[in-house]
Amino acid sequence: MARVLFRSTYRFKVVALLTALLVVAILAYNRNTDEGPPELDFRDIAIPFEPRPVTPGAIPKIIHQTFTTRRVFTEYRKYIEHCLKLNPDWEYYLWTDKDIVAFINDNYPFFMRKFLIFKMHVQRADSIRYMVLHHYGGIYIDMDVECVKPFFPSLENLTAFVDQEAKEHAVILYGKDFSAMNSAMGSVPGHPFFLRLVFAMMEVDDKTGGAGPTTGPDLLTSQLQSWCTDNATRRHEVTLLNPPVFSPLIDDGLHHFRSKCRTLESSSPKSTDAAAKRLHDRRLQLCRRYAERNWKHDLTGPETVGRHLFLHLGYRWSKRRPNYFDIAEVTKDVKFYIEVSSAALSHSQPYSVFLSPTQPYSAQAQWNMNPGSLQSVCRFKFLAAFVALMAVAILAYSYMGKESHPKVDFSNIAIPPGPRPVTPGAIPKIIHQTFTTRRIFTEYRKHIEHCLKLNPDWEYYLWTDKDIVAFINDHYPFFMRKFLIFKMHVQRGDSIRYMVLHHYGGIYIDMDVECVKPFFPSLENLTAFVDQEAKEHAVILYGKDFSAMNSAMGSVPGHPFFLRLVFAMMEVDDKTGGAGPTTGPDLLTSQLQSWWTDNATSRHVVTLLDPPVFSPLIDDGLHHFRSKCRTLESSSPKSTDAAAKRLHDRRLQLCRRYAERNWKHDLTGPETVGRHLFLHLGYRWSKRRPNYFDIAEVTRDVKFYSQHKSSMSARKRCAS
């Protein structure tokens, strides 16, 4: 009993300490971020402009819907079938994850970075709706919208429209006059309102939280209000439909109106001014009307085109576990973006223009509408609620047993084969490097130039964000969902290295690797290799015999070890935390150890290079070896067994050797091919703010996957 009480008290203290630290950290962070998001600079962005003049009655007959894959929840089947039956002459586009990524990459590449950092799947699903309506036009409806009658002629004479939630939602729940909904929307191609929504999503603060204010109804409502103010002449009209048209029902299952109304009945206005009293009275009035109808609400009538049923399938908190069907079972005419060439889309042929540098689009005024005091009050309330939830979550988690995550089922995955058999001495002369765009930190320039000078007959591939997404979508589509949920940019940068080496072969090096001599002949007779960190890193910092590094790697095309790394990234638990164990050196080290065990016959050899080859230096600036070694000198082994004592003695031995060299470490020698300099540019905690240069200033022969792919497609078309 005493032991249980001690554990509970100890756990409570830990939770209390974590909560206090969390409060201090968030409050300190928010004090420095009250000014709102910085204004975007679109001077270098190619903006898809409207393909033809916006004219009334020009909504094309295209129905758009989104789902993760072509296998859709069975409960949606009857609604899709009925809607297509009511609109038989309409085209039907299903936007799967794979199609969405390809579409954005092709037509709205400036939005790709924002798309990748969305944490919620619903945010990505929201964002694509606005882009496809701007690009192609047509009508988008959620899959839980039940069509009641054909879209035309009811919606035929509109240039753009958005759905409106029931007044009970807007007034009782949100305290607003109205709330726009993105569950049903329509537009002519190129309507500027939907492009404005794309810009608004880019400018919204990522810390705003949730899908509503970042991509969903809250964002749509605020932008519609702003649009109506900015475009008083109605040159580009946007119609807010009456609730009975698409939302005659109420989402009572999620919002629990009865308890909300009981709270309103027993409360008074939060403020004494007349506006607050009028709002309170209006909310009470709607509550009483709703109660008089026995808490039933159905405004379906002659003007109703569809009924939003609010099924909420697929959400984590949903208790329903639906089955699936293939969309081809409903209609053989379903279109997917990837399968349909852009030339076949006769509805629009978008082209690009550049925004004027002197007139960048800005939503900063939207932030200035809210007084700072209101932002502070809202932030404080949010923090209080967040901290309380964190404490409850930590306590609950501490009493729960940890379950291992399920393994990925690869039975239905098409595995990309190696382009040719794995043979010794066949590493192709290709250098791979990655960066966000083709504009690179100036401090990297001399290292890239020198490396290309030492290896003049090698091809050079630069993998930008745009190229990475296109490449994965084309060759490793099964990895795309995992790629999209990575929270850190370094995770995405890690993952692409393994895939390009498996697909093309060649040598990958970080941009802060300084080449010392040509890659060949030193690395010529290897089939695959990975860099190794200095022993001081592995032993002193991590307590390991060795630590593999992905800052320098090479391979023949199709080497199965790098495909194994792709699968390992898919199977790793997302809650493992950080880039190291999910995509980086920790994952690489563990998989290399496993590879040597599984492949004892060395049929597919992977060589772990000695540290002097690419890592003769130590990353002392980041790891602070001196303080680490002082701690080791004054401590004893954590365990009394012989292995722990041997490790402790070995760490002390390396520390003393390092101290004897006056804390300097440079093993550069005859075997050194490159030196990893550990510059750490671009990280948030880095104090350096580098300048940029265009990679074409260093080499005109730089290759980008998207351009190379286009030229290959053109050659194939000419040949045919």
# chains A, B, ... in the order shown; residues from 1 in each chain; ligands from 1
$ residues_around --residues "Cys83 in chain A" --least-positions-apart "2" --cutoff "12 Å" --atoms "only C-alpha atoms" --output "PyMOL selection string"
chain A and resi 63-65+76-81+85-92+139-151+305-307+330-331
$ residues_around --residues "range 165-182 of chain A" --least-positions-apart "4" --cutoff "6 Å" --atoms "only C-alpha atoms" --output "list in words"
Pro217, Thr221, Pro243, Ser247 and Arg283 of chain A
$ select_by_dssp --residues "range 439-470 of chain A" --states "alpha helix (DSSP H)" --output "list in words"
Arg445, Lys446, His447, Ile448, Glu449, His450, Cys451, Leu452, Lys453, Leu454, Asp465, Lys466, Asp467, Ile468, Val469 and Ala470 of chain A
$ atom_distance --atom1 "CA of Asp106 in chain A" --atom2 "CA of Val72 in chain A"
25.4 Å
$ residues_around --residues "Gln123 in chain A" --least-positions-apart "5" --cutoff "8 Å" --atoms "only C-alpha atoms" --output "list of chain:residue names"
A:Phe118, A:Ala211, A:Thr214, A:Thr215, A:Gly216
$ residues_around --residues "Val500 in chain A" --least-positions-apart "6" --cutoff "12 Å" --atoms "only C-alpha atoms" --output "PyMOL selection string"
chain A and resi 416+418-419+430-434+461-463+467-468+471-472+475-476+493-494+506-508+553-559+562-563+565-566+705
$ write_last_selection --atoms "N, CA and C atoms" --output "JSON list (two decimals), in the first residue's frame"
[["chain", "number", "residue", "atom", "x", "y", "z"],
["A", 416, "PRO", "N", 8.58, -1.18, -56.08],
["A", 416, "PRO", "CA", 9.39, -0.82, -57.24],
["A", 416, "PRO", "C", 10.63, -1.70, -57.31],
["A", 418, "GLY", "N", 14.38, -3.08, -58.50],
["A", 418, "GLY", "CA", 15.64, -2.44, -58.87],
["A", 418, "GLY", "C", 15.75, -2.39, -60.37],
["A", 419, "PRO", "N", 16.23, -1.27, -60.92],
["A", 419, "PRO", "CA", 16.31, -1.13, -62.37],
["A", 419, "PRO", "C", 17.22, -2.15, -63.03],
["A", 430, "ILE", "N", 26.40, 9.60, -60.12],
["A", 430, "ILE", "CA", 25.34, 10.57, -59.86],
["A", 430, "ILE", "C", 25.51, 11.10, -58.44],
["A", 431, "ILE", "N", 25.52, 12.41, -58.28],
["A", 431, "ILE", "CA", 25.55, 13.04, -56.96],
["A", 431, "ILE", "C", 24.15, 13.55, -56.65],
["A", 432, "HIS", "N", 23.61, 13.15, -55.51],
["A", 432, "HIS", "CA", 22.29, 13.61, -55.08],
["A", 432, "HIS", "C", 22.44, 14.56, -53.89],
["A", 433, "GLN", "N", 21.70, 15.66, -53.92],
["A", 433, "GLN", "CA", 21.59, 16.54, -52.75],
["A", 433, "GLN", "C", 20.16, 17.07, -52.66],
["A", 434, "THR", "N", 19.76, 17.50, -51.48],
["A", 434, "THR", "CA", 18.39, 17.98, -51.28],
["A", 434, "THR", "C", 18.41, 19.40, -50.72],
["A", 461, "TYR", "N", 22.09, 15.86, -59.30],
["A", 461, "TYR", "CA", 20.64, 15.99, -59.10],
["A", 461, "TYR", "C", 20.37, 16.77, -57.82],
["A", 462, "LEU", "N", 19.58, 17.82, -57.95],
["A", 462, "LEU", "CA", 19.11, 18.56, -56.77],
["A", 462, "LEU", "C", 17.64, 18.24, -56.56],
["A", 463, "TRP", "N", 17.31, 17.75, -55.36],
["A", 463, "TRP", "CA", 15.95, 17.32, -55.06],
["A", 463, "TRP", "C", 15.26, 18.40, -54.21],
["A", 467, "ASP", "N", 10.22, 18.43, -56.48],
["A", 467, "ASP", "CA", 10.70, 17.20, -57.12],
["A", 467, "ASP", "C", 10.49, 15.98, -56.24],
["A", 468, "ILE", "N", 10.69, 16.16, -54.93],
["A", 468, "ILE", "CA", 10.54, 15.05, -53.99],
["A", 468, "ILE", "C", 9.12, 14.50, -54.03],
["A", 471, "PHE", "N", 8.42, 12.72, -57.33],
["A", 471, "PHE", "CA", 9.14, 11.45, -57.40],
["A", 471, "PHE", "C", 8.45, 10.37, -56.55],
["A", 472, "ILE", "N", 8.11, 10.71, -55.31],
["A", 472, "ILE", "CA", 7.44, 9.73, -54.45],
["A", 472, "ILE", "C", 6.10, 9.34, -55.04],
["A", 475, "HIS", "N", 6.87, 6.89, -58.03],
["A", 475, "HIS", "CA", 7.62, 5.63, -57.86],
["A", 475, "HIS", "C", 7.37, 4.93, -56.53],
["A", 476, "TYR", "N", 7.01, 5.67, -55.50],
["A", 476, "TYR", "CA", 6.77, 5.06, -54.19],
["A", 476, "TYR", "C", 5.45, 5.58, -53.62],
["A", 493, "GLY", "N", 13.40, 15.22, -45.49],
["A", 493, "GLY", "CA", 14.72, 15.26, -46.12],
["A", 493, "GLY", "C", 15.48, 13.95, -45.97],
["A", 494, "ASP", "N", 15.31, 13.30, -44.81],
["A", 494, "ASP", "CA", 15.95, 11.99, -44.60],
["A", 494, "ASP", "C", 15.36, 10.93, -45.52],
["A", 506, "GLY", "N", 23.92, 5.87, -56.97],
["A", 506, "GLY", "CA", 24.74, 7.07, -56.92],
["A", 506, "GLY", "C", 25.21, 7.33, -55.50],
["A", 507, "ILE", "N", 25.61, 8.56, -55.24],
["A", 507, "ILE", "CA", 26.10, 8.96, -53.92],
["A", 507, "ILE", "C", 25.31, 10.17, -53.44],
["A", 508, "TYR", "N", 24.81, 10.07, -52.21],
["A", 508, "TYR", "CA", 24.17, 11.22, -51.57],
["A", 508, "TYR", "C", 25.13, 11.80, -50.55],
["A", 553, "MET", "N", 26.07, 8.62, -48.17],
["A", 553, "MET", "CA", 25.69, 7.24, -48.48],
["A", 553, "MET", "C", 25.81, 7.02, -49.97],
["A", 554, "GLY", "N", 26.00, 5.77, -50.36],
["A", 554, "GLY", "CA", 26.06, 5.45, -51.78],
["A", 554, "GLY", "C", 25.53, 4.06, -52.04],
["A", 555, "SER", "N", 25.15, 3.81, -53.30],
["A", 555, "SER", "CA", 24.56, 2.51, -53.61],
["A", 555, "SER", "C", 24.49, 2.29, -55.11],
["A", 556, "VAL", "N", 24.47, 1.02, -55.48],
["A", 556, "VAL", "CA", 24.07, 0.66, -56.84],
["A", 556, "VAL", "C", 22.55, 0.79, -56.92],
["A", 557, "PRO", "N", 21.97, 0.92, -58.12],
["A", 557, "PRO", "CA", 20.50, 0.98, -58.21],
["A", 557, "PRO", "C", 19.85, -0.31, -57.74],
["A", 558, "GLY", "N", 18.75, -0.19, -57.04],
["A", 558, "GLY", "CA", 17.96, -1.35, -56.65],
["A", 558, "GLY", "C", 18.48, -2.13, -55.47],
["A", 559, "HIS", "N", 19.44, -1.59, -54.73],
["A", 559, "HIS", "CA", 19.96, -2.34, -53.58],
["A", 559, "HIS", "C", 18.85, -2.51, -52.54],
["A", 562, "PHE", "N", 18.18, -0.30, -49.08],
["A", 562, "PHE", "CA", 17.55, 1.01, -49.05],
["A", 562, "PHE", "C", 16.03, 0.89, -49.18],
["A", 563, "LEU", "N", 15.56, -0.14, -49.86],
["A", 563, "LEU", "CA", 14.11, -0.40, -49.86],
["A", 563, "LEU", "C", 13.66, -0.84, -48.47],
["A", 565, "LEU", "N", 14.88, 0.20, -45.72],
["A", 565, "LEU", "CA", 14.78, 1.42, -44.93],
["A", 565, "LEU", "C", 13.45, 2.13, -45.16],
["A", 566, "VAL", "N", 12.96, 2.11, -46.40],
["A", 566, "VAL", "CA", 11.66, 2.72, -46.70],
["A", 566, "VAL", "C", 10.56, 2.02, -45.92],
["A", 705, "TYR", "N", 14.15, 16.53, -61.00],
["A", 705, "TYR", "CA", 13.33, 15.39, -61.39],
["A", 705, "TYR", "C", 12.14, 15.81, -62.23]]
$ residues_around --residues "Tyr290 in chain A" --least-positions-apart "5" --cutoff "10 Å" --atoms "only C-alpha atoms" --output "list in words"
Glu168, Phe257, Arg258, Cys261, Leu284, Gln285, Trp295, Lys296 and His297 of chain A
$ residues_around --residues "range 609-621 of chain A" --least-positions-apart "6" --cutoff "10 Å" --atoms "only C-alpha atoms" --output "PyMOL selection string"
chain A and resi 509+513-516+522-523+529-537+546-549+551-553+663-680
$ closest_residue --among "A:Phe111, A:Tyr658, A:Phe246, A:Phe193" --to "Leu224 in chain A" --atoms "only C-alpha atoms"
A:Phe193
$ closest_residue --among "A:Asp97, A:Glu697, A:Asp281, A:Asp510" --to "Ser268 in chain A" --atoms "only C-alpha atoms"
A:Asp281
$ select_by_dssp --residues "range 500-573 of chain A" --states "strand (DSSP E or B)" --output "list in words"
Gly506, Ile507, Tyr508, Ile509, Val513, Glu514, Cys515, Ala528, Phe529, Val530, Asp531, Gln532, Ala548, Met549, Asn550, Ser551, Ala552, Met553, Gly554 and Ser555 of chain A
